[in-house]
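Please read the structure below before turning to the comments.
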Amino acid sequence: MGKGLYDAFAAAREVFQEVDEALGEKLSRLIFEGPADDLTLTANAQPALMAVSLAGVRTLEREFGFGVGKVAFVAGHSLGEYSALAAAGALSLTDAARLLRVRGNAMQAAVPVGAGAMAALIGKVDVAFAEEIAAAGQAAGVVVVANDNNVGNVVISGSKAGVDAALAYAKEKGARAIPLNVSAPFHSPLMQPAADAMAEALASAAIAPLAAPLVANVTARPVSEPATIRKLLVEQVTGRVRWRESVEWMAGEGGITRFVEIGAGKQLSGMVKRNVSDVETIPLNEPADIEAFAKTL
């Protein structure tokens, strides 16, 4: 992923080189060549996904003159908040890469492998039904709603025993559930050690004024104050990703009709459309995508 941008644009190459220097290793080689098993380790995946997103952002700025200051809001899903903050100038690229490496390592270390689990509730399920399913599993262990992505896609997270019990209840209720192949129970109270690590790491990180407000995962509302952003980034480690609410707010009170997704894949564009169908979504993954989008500006 990201190789097309690297090959096509000097601005993108600079991003990958800067991330490599920040981490003291050739993460770019892993991004472009794999192996996939190493790339998907959360300590690598988090800065890697940020690097690909910022390569696209920097290309739009440097090659086509489209800066983030021209957008109404920025937003990102989970680790994507760091990408959004770097895009908005709140975090330097170096700090974003280093913070995400800390975040990935801390999340992986917070819970022994196999002790936690996550599962996606698919189909005719909304967040209220997901909360009922999670509550049914809490007698067996920790289980909470972790990601409210869109109606028909809500993720629960917690201890393996708690999630297993919740899934048994979901089956009784006729809900479709898919266990997720993840290395840790993200966005659950079990991530508290990782939240503590991020509080320490973020305490010394510089957060500059934003070129556009961030619609935060934890609150689903815009925020611009550096002190508040620092606090919410810590809360986000254990808190729910309120993506559905964020998109609904942006499309409603925020008045947004055009959502541009910059980075690897187009999962967020799909989620946006499932939340508010009457908006335009534009995923930018490859050089041709960026060049086509630039012609519309």
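We name chains A, B, ... following the order of the structure tokens; residues begin at 1 in each chain, and ligands are numbered from 1 as shown.
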request  = Please run DSSP on the backbone and report, as a ChimeraX atom specification, all residues within range 85-127 of chain A that come out as helix (DSSP H, G or I).
outcome  = /A:85-87,93-110,127
Could you pull the residues within 9 Å of range 263-274 of chain A, counting only C-alpha atoms, minus those fewer than 2 positions along the same chain, as a JSON list (two decimals) with N, CA and C atoms, in the first residue's frame?
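Generated file (result-v5.json):
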```json
[["chain", "number", "residue", "atom", "x", "y", "z"],
["A", 1, "MET", "N", 0.84, -1.19, 0.00],
["A", 1, "MET", "CA", 0.00, 0.00, 0.00],
["A", 1, "MET", "C", 0.88, 1.24, 0.00],
["A", 2, "GLY", "N", 0.39, 2.28, -0.66],
["A", 2, "GLY", "CA", 1.14, 3.54, -0.70],
["A", 2, "GLY", "C", 2.25, 3.60, -1.72],
["A", 49, "LEU", "N", -0.36, 3.07, 8.51],
["A", 49, "LEU", "CA", -1.60, 3.64, 7.97],
["A", 49, "LEU", "C", -1.57, 5.16, 8.01],
["A", 50, "MET", "N", -1.02, 5.71, 9.08],
["A", 50, "MET", "CA", -0.88, 7.17, 9.16],
["A", 50, "MET", "C", 0.02, 7.68, 8.05],
["A", 51, "ALA", "N", 1.13, 6.99, 7.78],
["A", 51, "ALA", "CA", 2.07, 7.43, 6.75],
["A", 51, "ALA", "C", 1.41, 7.47, 5.38],
["A", 52, "VAL", "N", 0.61, 6.45, 5.06],
["A", 52, "VAL", "CA", -0.06, 6.42, 3.77],
["A", 52, "VAL", "C", -1.06, 7.57, 3.65],
["A", 53, "SER", "N", -1.81, 7.82, 4.71],
["A", 53, "SER", "CA", -2.76, 8.93, 4.69],
["A", 53, "SER", "C", -2.05, 10.27, 4.50],
["A", 54, "LEU", "N", -0.97, 10.46, 5.24],
["A", 54, "LEU", "CA", -0.27, 11.75, 5.16],
["A", 54, "LEU", "C", 0.47, 11.91, 3.84],
["A", 55, "ALA", "N", 0.86, 10.80, 3.22],
["A", 55, "ALA", "CA", 1.46, 10.90, 1.88],
["A", 55, "ALA", "C", 0.45, 11.48, 0.90],
["A", 56, "GLY", "N", -0.80, 11.06, 1.03],
["A", 56, "GLY", "CA", -1.85, 11.61, 0.18],
["A", 56, "GLY", "C", -2.13, 13.07, 0.49],
["A", 57, "VAL", "N", -2.21, 13.39, 1.78],
["A", 57, "VAL", "CA", -2.46, 14.78, 2.19],
["A", 57, "VAL", "C", -1.35, 15.70, 1.71],
["A", 76, "GLY", "N", -10.95, 11.08, 11.97],
["A", 76, "GLY", "CA", -10.31, 9.79, 11.70],
["A", 76, "GLY", "C", -10.88, 8.74, 12.63],
["A", 77, "HIS", "N", -10.82, 7.50, 12.20],
["A", 77, "HIS", "CA", -11.38, 6.38, 12.97],
["A", 77, "HIS", "C", -10.27, 5.74, 13.79],
["A", 149, "ASN", "N", -19.91, 1.93, 14.24],
["A", 149, "ASN", "CA", -19.50, 2.33, 12.89],
["A", 149, "ASN", "C", -20.68, 2.85, 12.07],
["A", 150, "ASN", "N", -21.72, 2.05, 12.00],
["A", 150, "ASN", "CA", -22.96, 2.44, 11.32],
["A", 150, "ASN", "C", -24.02, 1.42, 11.71],
["A", 151, "VAL", "N", -25.28, 1.74, 11.46],
["A", 151, "VAL", "CA", -26.33, 0.76, 11.71],
["A", 151, "VAL", "C", -26.03, -0.47, 10.85],
["A", 152, "GLY", "N", -25.98, -1.61, 11.50],
["A", 152, "GLY", "CA", -25.61, -2.83, 10.79],
["A", 152, "GLY", "C", -24.15, -3.20, 10.91],
["A", 153, "ASN", "N", -23.37, -2.41, 11.66],
["A", 153, "ASN", "CA", -21.96, -2.71, 11.90],
["A", 153, "ASN", "C", -21.53, -2.06, 13.20],
["A", 243, "TRP", "N", -18.24, 6.69, 15.52],
["A", 243, "TRP", "CA", -18.12, 7.08, 14.12],
["A", 243, "TRP", "C", -19.48, 7.42, 13.52],
["A", 244, "ARG", "N", -20.49, 6.61, 13.79],
["A", 244, "ARG", "CA", -21.82, 6.90, 13.25],
["A", 244, "ARG", "C", -22.30, 8.28, 13.69],
["A", 247, "VAL", "N", -20.31, 11.11, 11.90],
["A", 247, "VAL", "CA", -20.73, 11.33, 10.51],
["A", 247, "VAL", "C", -22.09, 12.01, 10.48],
["A", 248, "GLU", "N", -23.01, 11.55, 11.33],
["A", 248, "GLU", "CA", -24.35, 12.17, 11.35],
["A", 248, "GLU", "C", -24.26, 13.63, 11.77],
["A", 259, "PHE", "N", -17.46, 14.12, 1.58],
["A", 259, "PHE", "CA", -16.49, 13.50, 2.48],
["A", 259, "PHE", "C", -15.35, 12.93, 1.64],
["A", 260, "VAL", "N", -14.13, 13.37, 1.92],
["A", 260, "VAL", "CA", -12.95, 12.89, 1.18],
["A", 260, "VAL", "C", -12.12, 12.03, 2.12],
["A", 261, "GLU", "N", -11.93, 10.77, 1.75],
["A", 261, "GLU", "CA", -11.14, 9.82, 2.55],
["A", 261, "GLU", "C", -9.76, 9.67, 1.91],
["A", 276, "VAL", "N", -25.23, 8.20, 6.11],
["A", 276, "VAL", "CA", -25.94, 9.31, 5.47],
["A", 276, "VAL", "C", -25.80, 9.11, 3.95],
["A", 277, "SER", "N", -26.82, 8.54, 3.35],
["A", 277, "SER", "CA", -26.71, 8.09, 1.96],
["A", 277, "SER", "C", -26.68, 9.23, 0.95],
["A", 278, "ASP", "N", -27.15, 10.42, 1.34],
["A", 278, "ASP", "CA", -27.29, 11.50, 0.35],
["A", 278, "ASP", "C", -26.09, 12.44, 0.32],
["A", 279, "VAL", "N", -24.91, 11.92, 0.67],
["A", 279, "VAL", "CA", -23.70, 12.73, 0.57],
["A", 279, "VAL", "C", -22.75, 12.10, -0.45],
["A", 280, "GLU", "N", -21.76, 12.88, -0.87],
["A", 280, "GLU", "CA", -20.75, 12.40, -1.80],
["A", 280, "GLU", "C", -19.55, 11.91, -1.02],
["A", 281, "THR", "N", -19.04, 10.73, -1.37],
["A", 281, "THR", "CA", -17.83, 10.21, -0.74],
["A", 281, "THR", "C", -16.77, 10.01, -1.82],
["A", 282, "ILE", "N", -15.54, 10.44, -1.50],
["A", 282, "ILE", "CA", -14.44, 10.37, -2.47],
["A", 282, "ILE", "C", -13.22, 9.74, -1.81],
["A", 283, "PRO", "N", -12.99, 8.43, -2.03],
["A", 283, "PRO", "CA", -11.78, 7.82, -1.48],
["A", 283, "PRO", "C", -10.59, 8.07, -2.40],
["A", 284, "LEU", "N", -9.48, 8.52, -1.81],
["A", 284, "LEU", "CA", -8.27, 8.81, -2.58],
["A", 284, "LEU", "C", -7.18, 7.84, -2.14],
["A", 285, "ASN", "N", -6.88, 6.86, -2.99],
["A", 285, "ASN", "CA", -5.88, 5.84, -2.66],
["A", 285, "ASN", "C", -4.66, 5.88, -3.58],
["A", 286, "GLU", "N", -4.89, 6.11, -4.84],
["A", 286, "GLU", "CA", -3.84, 6.01, -5.84],
["A", 286, "GLU", "C", -3.61, 7.35, -6.53]]
```
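Considering the residues A:Ala212, A:Ala8, A:Ala195, A:Leu99 and counting only C-alpha atoms, Gln46 in chain A has its shortest atom-to-atom contact with A:Leu99.
For the atom pair formed by CA of Val223 in chain A and CA of Ala87 in chain A, the distance is 14.9 Å, given to one decimal.
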task = Write out as a list in words all residues of range 53-153 of chain A that DSSP puts in strand (DSSP E) for this structure's backbone.
result = Gly116, Ala117, Met118, Ala119, Ala120, Leu121, Ile122, Val143, Val144, Val145, Ala146, Asn147, Asp148, Asn149, Asn150 and Asn153 of chain A
remark   = One decimal place gives the CA of Ala45 in chain A-CA of Leu210 in chain A separation as 24.9 Å
key: Given only C-alpha atoms as the counted atoms, nearest of A:His187, A:Ala88, A:Arg101, A:Tyr6 to Gly24 in chain A   = A:Arg101
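Interatomic distance, CA of Val218 in chain A to CA of Arg230 in chain A: 12.0 Å.
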key: Shell around Val154 in chain A at 12 Å using only C-alpha atoms, local window under 5 positions removed, as a ChimeraX atom specification   = /A:118-131,133-134,144-149,175-180,240-244,271
Generate a file of the selected residues that holds C-alpha atoms, formatted as a PDB file, in the first residue's frame.
```pdb
ATOM      1  CA  MET A 118     -13.594  -8.396  19.599  1.00  0.00           C
ATOM      2  CA  ALA A 119     -16.580  -9.218  17.412  1.00  0.00           C
ATOM      3  CA  ALA A 120     -18.619  -7.362  14.814  1.00  0.00           C
ATOM      4  CA  LEU A 121     -22.399  -7.435  15.074  1.00  0.00           C
ATOM      5  CA  ILE A 122     -23.708  -7.338  11.512  1.00  0.00           C
ATOM      6  CA  GLY A 123     -27.100  -6.862   9.914  1.00  0.00           C
ATOM      7  CA  LYS A 124     -30.204  -5.679  11.748  1.00  0.00           C
ATOM      8  CA  VAL A 125     -28.354  -4.269  14.734  1.00  0.00           C
ATOM      9  CA  ASP A 126     -28.085  -0.752  16.073  1.00  0.00           C
ATOM     10  CA  VAL A 127     -26.077   0.578  18.999  1.00  0.00           C
ATOM     11  CA  ALA A 128     -28.948   0.045  21.484  1.00  0.00           C
ATOM     12  CA  PHE A 129     -29.202  -3.632  20.539  1.00  0.00           C
ATOM     13  CA  ALA A 130     -25.399  -3.926  20.664  1.00  0.00           C
ATOM     14  CA  GLU A 131     -25.404  -2.481  24.194  1.00  0.00           C
ATOM     15  CA  ILE A 133     -25.816  -7.847  23.762  1.00  0.00           C
ATOM     16  CA  ALA A 134     -22.737  -6.477  25.543  1.00  0.00           C
ATOM     17  CA  VAL A 144     -18.498  -3.137  25.916  1.00  0.00           C
ATOM     18  CA  VAL A 145     -19.508  -1.529  22.630  1.00  0.00           C
ATOM     19  CA  ALA A 146     -16.176  -0.448  21.124  1.00  0.00           C
ATOM     20  CA  ASN A 147     -16.976   0.874  17.637  1.00  0.00           C
ATOM     21  CA  ASP A 148     -20.339   2.284  16.595  1.00  0.00           C
ATOM     22  CA  ASN A 149     -19.503   2.329  12.891  1.00  0.00           C
ATOM     23  CA  ALA A 175     -28.170 -11.496  15.535  1.00  0.00           C
ATOM     24  CA  ARG A 176     -25.304 -12.201  13.143  1.00  0.00           C
ATOM     25  CA  ALA A 177     -21.881 -11.875  14.765  1.00  0.00           C
ATOM     26  CA  ILE A 178     -18.378 -12.274  13.348  1.00  0.00           C
ATOM     27  CA  PRO A 179     -15.379 -12.726  15.688  1.00  0.00           C
ATOM     28  CA  LEU A 180     -12.590 -10.396  14.578  1.00  0.00           C
ATOM     29  CA  ARG A 240     -16.022   4.068  22.190  1.00  0.00           C
ATOM     30  CA  VAL A 241     -15.327   5.169  18.610  1.00  0.00           C
ATOM     31  CA  ARG A 242     -18.537   7.098  17.885  1.00  0.00           C
ATOM     32  CA  TRP A 243     -18.121   7.083  14.123  1.00  0.00           C
ATOM     33  CA  ARG A 244     -21.825   6.895  13.252  1.00  0.00           C
ATOM     34  CA  MET A 271     -19.451   3.653   6.521  1.00  0.00           C
TER      35      MET A 271
END
```
ask   = Any idea what's packed within 10 Å of Leu297 in chain A, counting only C-alpha atoms, ignoring anything in its chain fewer than 6 positions away? Could you give it as a ChimeraX atom specification?
value = /A:64-66
Next, dump the selected residues to file, keeping only N, CA and C atoms, as a PDB file, in the first residue's frame.
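Written output follows (part38.pdb):
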```pdb
ATOM      1  N   PHE A  64      -0.746  19.965  -5.718  1.00  0.00           N
ATOM      2  CA  PHE A  64      -1.990  20.470  -6.302  1.00  0.00           C
ATOM      3  C   PHE A  64      -2.558  21.687  -5.564  1.00  0.00           C
ATOM      4  N   GLY A  65      -1.876  22.154  -4.524  1.00  0.00           N
ATOM      5  CA  GLY A  65      -2.281  23.380  -3.854  1.00  0.00           C
ATOM      6  C   GLY A  65      -3.543  23.294  -3.026  1.00  0.00           C
ATOM      7  N   PHE A  66      -3.930  22.069  -2.626  1.00  0.00           N
ATOM      8  CA  PHE A  66      -5.140  21.908  -1.812  1.00  0.00           C
ATOM      9  C   PHE A  66      -4.748  21.606  -0.370  1.00  0.00           C
TER      10      PHE A  66
END
```
Spatial neighbours of Ala11 in chain A, 9 Å, only C-alpha atoms, chain gap at least 3 places, as a VMD selection string = chain A and resid 5 to 6 14 to 15 55 to 56 58 to 63
message = Taking only C-alpha atoms into account, name the residue in A:Leu39, A:Ala140, A:Leu91, A:Ile156 that is nearest to Pro226 in chain A.
response = A:Leu91
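Of the residues listed (A:Leu190, A:Leu167, A:Gly4, A:Ala208), A:Leu190 shows the shortest atom-to-atom separation from Ala115 in chain A; distances use only C-alpha atoms.
Using only C-alpha atoms, the smallest distance between any of A:Leu93, A:Val102, A:Ala139, A:Ala227 and Asp196 in chain A comes from A:Val102.
Distance annotation: of A:Ser28, A:Thr257, A:Ser183, A:Gln138, the residue with the minimal separation from Gly162 in chain A is A:Gln138; atom set is only C-alpha atoms.
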query = Could you pull the residues within 7 Å of Ala136 in chain A, counting only C-alpha atoms, minus those fewer than 3 positions along the same chain, as JSON, numbers by chain?
reply = {"A": [132, 133, 166, 169]}
